[in-house]
>>> print(open('data_27.cif').read())   # mmCIF, C-alpha atoms
data_structure
loop_
_atom_site.label_atom_id
_atom_site.label_comp_id
_atom_site.auth_asym_id
_atom_site.auth_seq_id
_atom_site.Cartn_x
_atom_site.Cartn_y
_atom_site.Cartn_z
CA MET A 1 16.49 111.63 47.42
CA GLU A 2 16.00 108.08 48.67
CA GLY A 3 15.43 106.90 45.09
CA LEU A 4 18.73 108.45 44.02
CA VAL A 5 20.63 106.69 46.84
CA THR A 6 19.05 103.34 45.85
CA TRP A 7 20.00 103.94 42.23
CA VAL A 8 23.64 104.72 43.11
CA LYS A 9 23.81 101.64 45.37
CA GLY A 10 22.54 99.53 42.46
CA ILE A 11 25.23 100.85 40.11
CA VAL A 12 27.98 100.24 42.72
CA GLY A 13 26.66 96.71 43.33
CA TYR A 14 26.59 96.14 39.59
CA SER A 15 30.24 97.25 39.26
CA ILE A 16 31.33 94.84 42.00
CA LEU A 17 29.37 91.99 40.41
CA VAL A 18 31.02 92.61 37.02
CA ALA A 19 34.49 92.61 38.59
CA VAL A 20 33.85 89.36 40.48
CA LEU A 21 32.38 87.56 37.46
CA THR A 22 35.23 88.71 35.21
CA GLU A 23 37.78 87.28 37.65
CA LEU A 24 36.01 84.02 38.47
CA LEU A 25 34.79 82.84 35.08
CA PRO A 26 37.12 81.68 32.28
CA SER A 27 38.00 84.20 29.58
CA LYS A 28 36.12 82.20 26.90
CA PHE A 29 32.87 83.38 28.54
CA SER A 30 33.91 87.05 28.64
CA LYS A 31 31.90 88.09 25.55
CA TYR A 32 28.74 86.54 27.02
CA ILE A 33 29.36 88.18 30.38
CA LYS A 34 29.86 91.56 28.70
CA LEU A 35 26.65 91.17 26.69
CA TYR A 36 24.51 90.14 29.66
CA MET A 37 26.05 92.68 32.02
CA GLY A 38 25.68 95.43 29.38
CA LEU A 39 21.96 94.72 29.12
CA LEU A 40 21.69 94.65 32.90
CA PHE A 41 23.52 98.00 33.11
CA ILE A 42 21.11 99.60 30.64
CA LEU A 43 18.14 98.43 32.70
CA LEU A 44 19.78 99.57 35.92
CA PHE A 45 20.76 102.96 34.47
CA LEU A 46 17.25 103.57 33.13
CA SER A 47 15.45 102.36 36.28
CA PRO A 48 14.66 105.92 37.57
CA VAL A 49 13.07 106.79 34.22
CA MET A 50 11.20 103.49 34.23
CA ASP A 51 9.84 104.21 37.72
CA LEU A 52 8.78 107.69 36.65
CA PHE A 53 6.73 106.40 33.70
CA HIS A 54 5.71 103.09 35.33
CA LEU A 55 7.51 101.18 32.58
CA GLU A 56 8.62 98.45 34.97
CA GLU A 57 5.08 97.06 35.19
CA ARG A 58 4.69 97.23 31.42
CA MET A 59 8.00 95.44 30.91
CA GLU A 60 7.01 92.78 33.42
CA ASP A 61 3.70 92.27 31.60
CA PHE A 62 5.54 92.13 28.28
CA PHE A 63 8.01 89.50 29.52
CA ASP A 64 5.21 87.46 31.12
CA LYS A 65 3.32 87.50 27.84
CA GLU A 66 6.42 86.48 25.87
CA ASN A 67 7.11 83.63 28.31
CA LEU A 68 3.55 82.42 27.87
CA LYS A 69 3.97 82.53 24.08
CA ILE A 70 7.15 80.46 24.33
CA ASP A 71 5.38 77.96 26.61
CA LEU A 72 2.48 77.70 24.17
CA GLU A 73 4.86 77.14 21.24
CA ASP A 74 6.66 74.42 23.22
CA LYS A 75 3.39 72.70 24.13
CA SER A 76 2.18 73.01 20.54
CA PHE A 77 5.42 71.45 19.30
CA GLU A 78 5.10 68.59 21.83
CA LEU A 79 1.53 67.97 20.70
CA GLU A 80 2.61 68.01 17.06
CA LEU A 81 5.31 65.42 17.81
CA LYS A 82 2.80 63.18 19.60
CA GLN A 83 0.35 63.48 16.69
CA LYS A 84 3.16 62.71 14.26
CA ASP A 85 4.07 59.57 16.25
CA VAL A 86 0.43 58.45 16.17
CA TYR A 87 0.24 59.16 12.41
CA GLU A 88 3.46 57.22 11.76
CA GLY A 89 2.06 54.28 13.75
CA ILE A 90 -1.14 54.29 11.69
CA LYS A 91 0.89 54.49 8.44
CA GLU A 92 2.98 51.51 9.53
CA GLU A 93 -0.15 49.53 10.40
CA TYR A 94 -1.69 50.35 6.99
CA THR A 95 1.50 49.24 5.21
CA LYS A 96 1.42 45.96 7.18
CA GLN A 97 -2.21 45.52 6.15
CA LEU A 98 -1.28 45.99 2.48
CA SER A 99 1.57 43.48 2.86
CA GLY A 100 -0.81 40.97 4.45
CA GLU A 101 -3.30 41.36 1.60
CA LEU A 102 -0.55 40.89 -0.96
CA SER A 103 0.72 37.79 0.84
CA GLU A 104 -2.77 36.24 0.82
CA PHE A 105 -3.21 37.20 -2.83
CA LEU A 106 0.05 35.55 -3.87
CA GLN A 107 -0.72 32.39 -1.86
CA GLY A 108 -3.82 31.97 -4.01
CA TYR A 109 -1.48 31.74 -7.02
CA GLY A 110 0.98 29.37 -5.38
CA TYR A 111 3.61 31.88 -4.26
CA GLN A 112 4.99 32.66 -0.85
CA LEU A 113 6.00 36.25 -0.11
CA GLN A 114 9.57 36.51 1.18
CA SER A 115 9.94 40.30 1.38
CA VAL A 116 8.03 43.34 0.21
CA ASP A 117 8.55 47.09 0.05
CA ILE A 118 5.30 48.91 -0.65
CA SER A 119 4.88 52.63 -1.21
CA TRP A 120 1.42 54.16 -1.40
CA ASN A 121 -0.10 57.59 -1.99
CA GLU A 122 0.10 59.47 1.34
CA ASP A 123 -1.47 62.72 0.10
CA THR A 124 -4.65 62.87 2.20
CA LYS A 125 -6.22 65.46 -0.14
CA ALA A 126 -5.78 63.32 -3.27
CA ALA A 127 -8.58 61.15 -4.62
CA THR A 128 -6.09 58.26 -4.83
CA PHE A 129 -5.07 58.47 -1.16
CA GLY A 130 -4.04 55.03 0.13
CA GLU A 131 -3.63 53.44 -3.29
CA VAL A 132 -0.44 51.49 -3.99
CA LYS A 133 2.03 53.37 -6.21
CA LYS A 134 4.94 50.94 -6.19
CA ALA A 135 5.82 47.56 -4.75
CA THR A 136 9.02 45.54 -4.81
CA LEU A 137 8.38 41.88 -4.06
CA SER A 138 10.49 38.81 -3.55
CA VAL A 139 8.50 35.57 -3.90
CA ILE A 140 9.11 31.83 -4.09
CA PRO A 141 6.73 29.04 -5.02
CA ILE A 142 5.03 27.58 -1.96
CA GLY A 143 7.01 24.61 -0.67
CA GLU A 144 10.37 25.67 -2.12
CA LYS A 145 13.09 26.96 0.17
CA ASP A 146 16.17 28.21 -1.69
CA SER A 147 14.69 29.43 -4.93
CA ASP A 148 15.76 32.65 -6.61
CA ILE A 149 12.31 33.58 -7.89
CA HIS A 150 12.01 37.34 -7.72
CA VAL A 151 9.17 39.61 -8.77
CA ASP A 152 10.90 42.90 -9.42
CA LYS A 153 9.25 46.30 -8.89
CA VAL A 154 5.62 46.95 -9.58
CA GLN A 155 5.87 50.62 -10.41
CA VAL A 156 4.44 53.40 -12.48
CA GLU A 157 6.98 53.43 -15.27
CA VAL A 158 7.23 51.47 -18.48
CA PHE A 159 9.98 48.86 -18.58
CA HIS A 160 10.73 47.20 -21.90
CA ARG A 161 11.99 43.64 -21.90
CA GLN A 162 12.72 41.50 -24.87
CA GLU A 163 10.28 38.72 -24.07
CA GLU A 164 8.07 37.68 -21.17
CA ASN A 165 7.30 34.06 -20.41
CA LEU A 166 3.70 32.93 -19.83
CA GLU A 167 4.07 32.76 -16.04
CA GLU A 168 5.35 36.35 -15.88
CA LYS A 169 2.51 37.53 -18.13
CA ALA A 170 -0.09 35.80 -15.96
CA LEU A 171 1.31 37.20 -12.70
CA LYS A 172 1.63 40.66 -14.27
CA ASN A 173 -2.04 40.51 -15.32
CA GLU A 174 -3.18 39.43 -11.85
CA LEU A 175 -1.10 42.15 -10.13
CA ALA A 176 -2.52 44.75 -12.51
CA ASN A 177 -6.05 43.70 -11.55
CA PHE A 178 -5.19 43.52 -7.84
CA TYR A 179 -3.69 47.02 -7.69
CA ASN A 180 -5.85 48.54 -10.43
CA ILE A 181 -2.75 49.64 -12.37
CA GLU A 182 -2.35 49.37 -16.14
CA GLU A 183 -0.42 46.29 -17.25
CA ASP A 184 2.01 48.39 -19.29
CA ASN A 185 3.18 50.06 -16.06
CA ILE A 186 4.07 46.80 -14.31
CA ASN A 187 7.33 44.96 -14.65
CA VAL A 188 7.46 41.38 -13.43
CA SER A 189 10.63 39.37 -13.61
CA ILE A 190 10.74 35.85 -12.20
CA GLN A 191 14.28 34.63 -11.68
CA GLY A 192 15.28 30.97 -11.54
CA GLY A 193 12.78 29.49 -13.96
CA GLY A 194 9.53 29.87 -11.99
CA LYS A 195 7.12 27.09 -11.09
CA LYS A 196 7.46 23.68 -12.68
#
>>> encode(input="data_27.cif", output="structure tokens")
Amino acid sequence: MEGLVTWVKGIVGYSILVAVLTELLPSKFSKYIKLYMGLLFILLFLSPVMDLFHLEERMEDFFDKENLKIDLEDKSFELELKQKDVYEGIKEEYTKQLSGELSEFLQGYGYQLQSVDISWNEDTKAATFGEVKKATLSVIPIGEKDSDIHVDKVQVEVFHRQEENLEEKALKNELANFYNIEEDNINVSIQGGGKK
């Protein structure tokens, strides 16, 4: 009998709570209130049955387990983001290393590197991981300031030009050896006449 009185008190309290929330909160939230309060009503209405079969403990265990799963997923996601940040930092450092090597290489041939955009094979499972796939360089002869010398795209695609000058051929050959790429897949274009 005491359980029945408690159950009726819960339903009356629920009804008062619904009325107060409906009056106090703006109408744009009414569908959310109805959804939440409907779920609460179902739980409240079924509470005697839940007590009879001890379902309340099972539901509590279920919700605890689900909360732990959500926490684990959140922590896993945070860890993944941290690892991704570390990986991106290492990638950036490797790209800087490649740029530094290229700068030193070009200085040996009398060029100063102005800007470079290097892309390399990032597939860790590939045998060619870390090898340069494409590079776009802008160079000037050492000592010159406002020259328009430009080495355009070292990439894996054949580019046909009418005629290459000797300086372009020599730089193309050296870049092919440096990156271990076939000469036919490198396009070098020096703008502004090159070195004198």
>>> residues_around(input="data_27.cif", residues="region 34-43 of chain A", least_positions_apart="2", cutoff="10 Å", atoms="all atoms listed in the file", output="PyMOL selection string")
chain A and resi 10-11+14-15+17-18+21-22+29-32+45-50+56
>>> write_last_selection(input="data_27.cif", atoms="C-alpha atoms", output="compact mmCIF listing (two decimals), in the frame of the given file")
# COMPACT_ATOMS: atom_id res chain seq x y z
CA GLY A 10 22.54 99.53 42.46
CA ILE A 11 25.23 100.85 40.11
CA TYR A 14 26.59 96.14 39.59
CA SER A 15 30.24 97.25 39.26
CA LEU A 17 29.37 91.99 40.41
CA VAL A 18 31.02 92.61 37.02
CA LEU A 21 32.38 87.56 37.46
CA THR A 22 35.23 88.71 35.21
CA PHE A 29 32.87 83.38 28.54
CA SER A 30 33.91 87.05 28.64
CA LYS A 31 31.90 88.09 25.55
CA TYR A 32 28.74 86.54 27.02
CA PHE A 45 20.76 102.96 34.47
CA LEU A 46 17.25 103.57 33.13
CA SER A 47 15.45 102.36 36.28
CA PRO A 48 14.66 105.92 37.57
CA VAL A 49 13.07 106.79 34.22
CA MET A 50 11.20 103.49 34.23
CA GLU A 56 8.62 98.45 34.97
>>> residues_around(input="data_27.cif", residues="Asp117 (chain A)", least_positions_apart="2", cutoff="10 Å", atoms="all atoms listed in the file", output="PyMOL selection string")
chain A and resi 95+99+115+119+134-138+153
>>> write_last_selection(input="data_27.cif", atoms="C-alpha atoms", output="PDB file, in the frame of the given file")
ATOM      1  CA  THR A  95       1.500  49.240   5.210  1.00  0.00           C
ATOM      2  CA  SER A  99       1.570  43.480   2.860  1.00  0.00           C
ATOM      3  CA  SER A 115       9.940  40.300   1.380  1.00  0.00           C
ATOM      4  CA  SER A 119       4.880  52.630  -1.210  1.00  0.00           C
ATOM      5  CA  LYS A 134       4.940  50.940  -6.190  1.00  0.00           C
ATOM      6  CA  ALA A 135       5.820  47.560  -4.750  1.00  0.00           C
ATOM      7  CA  THR A 136       9.020  45.540  -4.810  1.00  0.00           C
ATOM      8  CA  LEU A 137       8.380  41.880  -4.060  1.00  0.00           C
ATOM      9  CA  SER A 138      10.490  38.810  -3.550  1.00  0.00           C
ATOM     10  CA  LYS A 153       9.250  46.300  -8.890  1.00  0.00           C
TER      11      LYS A 153
END
>>> atom_distance(input="data_27.cif", atom1="CA of Glu122 (chain A)", atom2="CA of Glu92 (chain A)")
11.8 Å
>>> closest_residue(input="data_27.cif", among="A:Lys96, A:Leu171, A:Lys69, A:Trp120", to="Gly108 (chain A)", atoms="all atoms listed in the file")
A:Leu171
>>> residues_around(input="data_27.cif", residues="Glu183 (chain A)", least_positions_apart="6", cutoff="9 Å", atoms="all atoms listed in the file", output="PyMOL selection string")
chain A and resi 172-173+175-177
>>> build_atoms(input="data_27.cif", residues="region 10-24 of chain A", atoms="N, CA, C and O atoms", output="tab-separated table (two decimals), keeping the file's coordinate frame")
chain	number	residue	atom	x	y	z
A	10	GLY	N	22.70	100.55	43.51
A	10	GLY	CA	22.54	99.53	42.46
A	10	GLY	C	23.69	99.55	41.47
A	10	GLY	O	24.21	98.50	41.09
A	11	ILE	N	24.12	100.74	41.06
A	11	ILE	CA	25.23	100.85	40.11
A	11	ILE	C	26.53	100.37	40.74
A	11	ILE	O	27.32	99.67	40.11
A	12	VAL	N	26.77	100.71	42.02
A	12	VAL	CA	27.98	100.24	42.72
A	12	VAL	C	27.95	98.71	42.84
A	12	VAL	O	28.95	98.03	42.60
A	13	GLY	N	26.80	98.17	43.23
A	13	GLY	CA	26.66	96.71	43.33
A	13	GLY	C	26.89	96.04	41.99
A	13	GLY	O	27.54	94.98	41.91
A	14	TYR	N	26.39	96.65	40.94
A	14	TYR	CA	26.59	96.14	39.59
A	14	TYR	C	28.08	96.10	39.26
A	14	TYR	O	28.58	95.11	38.73
A	15	SER	N	28.80	97.17	39.56
A	15	SER	CA	30.24	97.25	39.26
A	15	SER	C	31.01	96.15	39.99
A	15	SER	O	31.91	95.52	39.41
A	16	ILE	N	30.65	95.90	41.24
A	16	ILE	CA	31.33	94.84	42.00
A	16	ILE	C	31.02	93.47	41.40
A	16	ILE	O	31.91	92.63	41.25
A	17	LEU	N	29.77	93.26	41.02
A	17	LEU	CA	29.37	91.99	40.41
A	17	LEU	C	30.13	91.74	39.11
A	17	LEU	O	30.61	90.63	38.87
A	18	VAL	N	30.28	92.75	38.28
A	18	VAL	CA	31.02	92.61	37.02
A	18	VAL	C	32.47	92.24	37.30
A	18	VAL	O	33.03	91.34	36.67
A	19	ALA	N	33.09	92.90	38.25
A	19	ALA	CA	34.49	92.61	38.59
A	19	ALA	C	34.66	91.18	39.08
A	19	ALA	O	35.61	90.48	38.68
A	20	VAL	N	33.76	90.73	39.94
A	20	VAL	CA	33.85	89.36	40.48
A	20	VAL	C	33.66	88.33	39.37
A	20	VAL	O	34.42	87.36	39.26
A	21	LEU	N	32.63	88.52	38.54
A	21	LEU	CA	32.38	87.56	37.46
A	21	LEU	C	33.53	87.51	36.46
A	21	LEU	O	33.90	86.45	35.97
A	22	THR	N	34.10	88.65	36.15
A	22	THR	CA	35.23	88.71	35.21
A	22	THR	C	36.42	87.92	35.75
A	22	THR	O	37.13	87.26	34.99
A	23	GLU	N	36.65	87.97	37.04
A	23	GLU	CA	37.78	87.28	37.65
A	23	GLU	C	37.53	85.78	37.81
A	23	GLU	O	38.44	84.97	37.64
A	24	LEU	N	36.31	85.41	38.15
A	24	LEU	CA	36.01	84.02	38.47
A	24	LEU	C	35.80	83.13	37.25
A	24	LEU	O	36.22	81.97	37.24
